[in-house]
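What follows is a single structure, written as structure tokens, with notes after it.
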Amino acid sequence: MRILVTGATGTVGRHVVRELIDAGADVRALTRDPRRAGLPARAEAVTGDLTRPADLRDALKGVERLYLFPEPDTAREVMALAGEAGVRRVVVLSSGAVTAGYDTSYHLPVERAAEESGLEWTHVRPGEFAMNHVALWGPPIRTERVVRHPYPDLESRPVHERDIADMAVTALLADGHTGRAYAVDGPAPLTLREQVRAIAAALGEEIRFDEVTPEEAREHYLRQGGFAAENADMLLGFTDYEGNPVDPEQDEAAGADPGPTADQDTGQHADPATGTDTDTDTAGSSAPCFPAATATGRPARPFAAWARDHVDDFR
């Protein structure tokens, strides 16, 4: 069985590739630059870009199942090409922001394209990516052993990227998941201060938590550059998911660090953390949502384990 993994060089995609190979699947991995992909030798790395759907015609030949990174502008065209190529099943990397009703313009259109394609479909909806902490907290921890944030007692449930990959691989390989969405979250809520302590324990060094105003935190993110600067307003609650202005003092919960899905070598997109695993229908989607553990049979990895796995990112 041949499976095409799009976004194969990203945070989750790399784990999806490796797990599928370990399971004996024939894996074709889509990436912009196969020479720099660093993928396992048993993966067939092919050149392609979801923003240019015509690139996928050759990549889809002989493919039975598809792991789809979200690219809303071309999702319908990609799904049409997949159907023409004989793909039978698609697993969408979506977001818990869809379940919470925050996302109407990024992941939701991709879900709808899959649902209307005529293929078997499953959505994987992670909440806050634990990998946010590398992008947002990594620079000040490495240089100063400090984290600056307005809301030390804000709770979230950061999810290990391997748990997301586990759910995606389960839906790709096993039957019984068609027409469902799966919420993937960390096992328990932790305050941001507790998350910093877990990283400090993994490092074996103290990390100071400086409580600052939202405005001061935004200035730090802007100076930091990169992902933090690009998403500072949404990260700290100055805008909502759709970019509309919000007063962070009126909605402290908006200051939760969102979860980027950085699974393609074209960049990152941030999703608000939701921490939800409800079994209710999703607004705008026909998919009932279930906790991922009901499908994988494995409990979520604790944040402390994620911190140990990524300790070198904070040294």
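Following the order of the structure tokens, first chain is A, next is B, and so on, with residues numbered from 1 inside each chain and ligands from 1 in the order they appear.
The neighbours of Glu44 in chain A here are the residues that come within 7 Å of it, using only C-alpha atoms and leaving out any residue fewer than 4 positions away in the same chain; they are Val27, Arg28 and Ala29 of chain A.
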Atoms to include: N, CA, C and O atoms. Write the selected residues as a PDB file, in the first residue's frame.
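Saved the output as again.pdb:
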ATOM      1  N   VAL A  27       6.049   4.423   1.445  1.00  0.00           N
ATOM      2  CA  VAL A  27       5.849   5.844   1.720  1.00  0.00           C
ATOM      3  C   VAL A  27       6.486   6.702   0.640  1.00  0.00           C
ATOM      4  O   VAL A  27       7.672   6.557   0.323  1.00  0.00           O
ATOM      5  N   ARG A  28       5.680   7.592   0.098  1.00  0.00           N
ATOM      6  CA  ARG A  28       6.163   8.638  -0.806  1.00  0.00           C
ATOM      7  C   ARG A  28       6.028   9.963  -0.064  1.00  0.00           C
ATOM      8  O   ARG A  28       4.949  10.292   0.436  1.00  0.00           O
ATOM      9  N   ALA A  29       7.107  10.721   0.015  1.00  0.00           N
ATOM     10  CA  ALA A  29       7.142  11.932   0.841  1.00  0.00           C
ATOM     11  C   ALA A  29       7.294  13.157  -0.044  1.00  0.00           C
ATOM     12  O   ALA A  29       8.274  13.290  -0.779  1.00  0.00           O
TER      13      ALA A  29
END
Determine, for each residue of range 123-147 of chain A having at least one atom at most 12 Å from an atom of range 294-310 of chain A, the closest pair of atoms and their separation in Å to one decimal, counting only C-alpha atoms; order by chain and ascending number, as a tab-separated table.
residue	atom	partner	partner_atom	distance
A:Val124	CA	A:Ala295	CA	11.2
A:Pro126	CA	A:Ala300	CA	11.6
A:Glu128	CA	A:Phe303	CA	11.5
A:Phe129	CA	A:Phe303	CA	10.5
A:Ala130	CA	A:Trp306	CA	7.4
A:Met131	CA	A:Trp306	CA	8.8
A:Asn132	CA	A:Trp306	CA	11.7
A:His133	CA	A:Ala307	CA	9.4
A:Val134	CA	A:His310	CA	8.3
A:Ala135	CA	A:His310	CA	11.9
A:Gly138	CA	A:His310	CA	10.4
Which polymer residues have any atom within 7 Å of an atom of Leu93 in chain A, counting only C-alpha atoms, with same-chain residues fewer than 4 positions away left out, as a PDB file with N, CA, C and O atoms, in the first residue's frame?
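Output file around-v7.pdb is given in full below:
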ATOM      1  N   LEU A  68      -2.711  14.709   4.393  1.00  0.00           N
ATOM      2  CA  LEU A  68      -2.823  16.029   3.780  1.00  0.00           C
ATOM      3  C   LEU A  68      -2.519  17.147   4.769  1.00  0.00           C
ATOM      4  O   LEU A  68      -3.247  17.359   5.746  1.00  0.00           O
ATOM      5  N   PHE A  69      -1.442  17.882   4.505  1.00  0.00           N
ATOM      6  CA  PHE A  69      -1.150  19.110   5.223  1.00  0.00           C
ATOM      7  C   PHE A  69      -2.132  20.186   4.761  1.00  0.00           C
ATOM      8  O   PHE A  69      -2.491  20.229   3.580  1.00  0.00           O
ATOM      9  N   PRO A  70      -2.594  21.078   5.650  1.00  0.00           N
ATOM     10  CA  PRO A  70      -3.620  22.048   5.260  1.00  0.00           C
ATOM     11  C   PRO A  70      -3.083  23.187   4.400  1.00  0.00           C
ATOM     12  O   PRO A  70      -2.187  23.915   4.814  1.00  0.00           O
ATOM     13  N   HIS A 123     -10.247  13.572  10.120  1.00  0.00           N
ATOM     14  CA  HIS A 123      -9.553  14.806  10.499  1.00  0.00           C
ATOM     15  C   HIS A 123      -8.815  14.602  11.825  1.00  0.00           C
ATOM     16  O   HIS A 123      -9.379  14.027  12.770  1.00  0.00           O
ATOM     17  N   VAL A 124      -7.593  15.061  11.886  1.00  0.00           N
ATOM     18  CA  VAL A 124      -6.814  15.042  13.124  1.00  0.00           C
ATOM     19  C   VAL A 124      -6.681  16.475  13.597  1.00  0.00           C
ATOM     20  O   VAL A 124      -6.112  17.313  12.895  1.00  0.00           O
ATOM     21  N   ARG A 125      -7.212  16.759  14.793  1.00  0.00           N
ATOM     22  CA  ARG A 125      -7.295  18.138  15.283  1.00  0.00           C
ATOM     23  C   ARG A 125      -6.470  18.340  16.551  1.00  0.00           C
ATOM     24  O   ARG A 125      -6.988  18.256  17.664  1.00  0.00           O
TER      25      ARG A 125
END
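Distances from A:Trp137, A:Arg89, A:Tyr241, A:Gly186 to Tyr106 in chain A were compared using only C-alpha atoms, and the smallest one belongs to A:Tyr241.
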(Q) Can you pull out the residues contacting range 58-61 of chain A? Cut-off 9 Å, using only C-alpha atoms, and skip same-chain residues under 3 positions away; I want them as a list in words. (A) Ile3, Leu4, Arg28, Ala29, Leu30, Val46, Thr47, Gly48, Ala54, Asp55, Glu64, Leu66, Leu81, Ala82, Ala85, Gly86 and Val87 of chain A
Create the file for the chosen residues now, containing N, CA and C atoms and written as an mmCIF file, in the first residue's frame.
data_model
loop_
_atom_site.group_PDB
_atom_site.id
_atom_site.type_symbol
_atom_site.label_atom_id
_atom_site.label_comp_id
_atom_site.auth_asym_id
_atom_site.auth_seq_id
_atom_site.Cartn_x
_atom_site.Cartn_y
_atom_site.Cartn_z
ATOM 1 N N ILE A 3 1.421 5.266 0.341
ATOM 2 C CA ILE A 3 0.825 6.417 1.023
ATOM 3 C C ILE A 3 1.663 7.647 0.696
ATOM 4 N N LEU A 4 1.010 8.715 0.272
ATOM 5 C CA LEU A 4 1.687 9.982 0.035
ATOM 6 C C LEU A 4 1.556 10.847 1.281
ATOM 7 N N ARG A 28 5.680 7.592 0.098
ATOM 8 C CA ARG A 28 6.163 8.638 -0.806
ATOM 9 C C ARG A 28 6.028 9.963 -0.064
ATOM 10 N N ALA A 29 7.107 10.721 0.015
ATOM 11 C CA ALA A 29 7.142 11.932 0.841
ATOM 12 C C ALA A 29 7.294 13.157 -0.044
ATOM 13 N N LEU A 30 6.326 14.067 0.054
ATOM 14 C CA LEU A 30 6.337 15.285 -0.747
ATOM 15 C C LEU A 30 7.097 16.386 -0.024
ATOM 16 N N VAL A 46 9.863 12.999 -3.108
ATOM 17 C CA VAL A 46 9.542 13.567 -4.406
ATOM 18 C C VAL A 46 9.332 15.071 -4.263
ATOM 19 N N THR A 47 9.616 15.784 -5.318
ATOM 20 C CA THR A 47 9.484 17.238 -5.312
ATOM 21 C C THR A 47 8.029 17.639 -5.524
ATOM 22 N N GLY A 48 7.553 18.587 -4.721
ATOM 23 C CA GLY A 48 6.196 19.070 -4.898
ATOM 24 C C GLY A 48 5.864 20.156 -3.902
ATOM 25 N N ALA A 54 -0.638 21.221 -9.626
ATOM 26 C CA ALA A 54 -0.202 20.455 -10.793
ATOM 27 C C ALA A 54 1.048 19.637 -10.487
ATOM 28 N N ASP A 55 1.830 20.096 -9.491
ATOM 29 C CA ASP A 55 3.029 19.354 -9.090
ATOM 30 C C ASP A 55 2.683 17.968 -8.568
ATOM 31 N N GLU A 64 -2.671 5.121 -2.733
ATOM 32 C CA GLU A 64 -3.970 4.687 -2.231
ATOM 33 C C GLU A 64 -4.481 5.557 -1.092
ATOM 34 N N LEU A 66 -3.646 9.208 1.528
ATOM 35 C CA LEU A 66 -3.007 10.522 1.511
ATOM 36 C C LEU A 66 -3.064 11.162 2.888
ATOM 37 N N LEU A 81 -7.601 16.078 -7.731
ATOM 38 C CA LEU A 81 -6.493 15.331 -8.322
ATOM 39 C C LEU A 81 -6.314 13.984 -7.631
ATOM 40 N N ALA A 82 -6.479 13.966 -6.318
ATOM 41 C CA ALA A 82 -6.350 12.715 -5.581
ATOM 42 C C ALA A 82 -7.420 11.722 -6.016
ATOM 43 N N ALA A 85 -6.634 10.253 -9.336
ATOM 44 C CA ALA A 85 -5.488 9.336 -9.288
ATOM 45 C C ALA A 85 -5.839 7.998 -8.644
ATOM 46 N N GLY A 86 -7.019 7.891 -8.047
ATOM 47 C CA GLY A 86 -7.422 6.638 -7.428
ATOM 48 C C GLY A 86 -7.161 6.546 -5.938
ATOM 49 N N VAL A 87 -6.845 7.677 -5.310
ATOM 50 C CA VAL A 87 -6.695 7.686 -3.861
ATOM 51 C C VAL A 87 -8.035 7.345 -3.212
#
Q: Identify, with DSSP run on backbone atoms, the residues in range 8-101 of chain A assigned to helix (DSSP H, G or I), and express the list as a ChimeraX atom specification.
A: /A:13-22,34-36,53-59,72-85,96-100
**Q.** Nearest-residue call for Thr143 in chain A, choices A:Ala113, A:Ala217, A:Ile207, A:Val91, using only C-alpha atoms
**A.** A:Ile207
Q: Write out as an MDAnalysis selection string the residues lying within 6 Å of Gly179 in chain A, counting only C-alpha atoms and excluding same-chain residues fewer than 5 positions away.
A: chainID A and resid 121:122 287
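The smallest atom-to-atom distance between Phe238 in chain A and any of A:Pro214, A:Arg88, A:Ile141, A:His220, using only C-alpha atoms, is found for A:Pro214.
Here CA of Leu56 in chain A is placed at a distance of 18.9 Å from CA of Leu39 in chain A.
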Q) What are the DSSP strand (DSSP E) residues of range 41-96 of chain A, as a PyMOL selection string? A) chain A and resi 44-47+65-68+89-93
Those same residues - C-alpha atoms - I'd like them written as a compact mmCIF listing (two decimals), in the first residue's frame.
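Saved to selection-v9.txt:
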# COMPACT_ATOMS: atom_id res chain seq x y z
CA GLU A 44 10.61 7.93 -1.68
CA ALA A 45 11.17 11.70 -1.52
CA VAL A 46 9.54 13.57 -4.41
CA THR A 47 9.48 17.24 -5.31
CA ARG A 65 -3.94 6.91 0.85
CA LEU A 66 -3.01 10.52 1.51
CA TYR A 67 -1.84 12.46 4.56
CA LEU A 68 -2.82 16.03 3.78
CA ARG A 89 -8.50 7.62 1.86
CA VAL A 90 -7.34 11.02 3.12
CA VAL A 91 -6.29 12.03 6.63
CA VAL A 92 -6.28 15.80 7.15
CA LEU A 93 -3.96 17.55 9.58
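The space between CA of Pro72 in chain A and CA of Asp240 in chain A spans 18.8 Å.
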Q) Interatomic distance between CA of Pro150 in chain A and CA of Leu136 in chain A? A) 13.7 Å
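The smallest atom-to-atom distance between Tyr221 in chain A and any of A:Arg197, A:Arg142, A:Arg157, A:His149, using only C-alpha atoms, is found for A:His149.
Minimum atom-to-atom distance to Asp103 in chain A, evaluated using only C-alpha atoms, belongs to A:Ser285 out of A:Gln224, A:Ser285, A:Thr213, A:Thr51.
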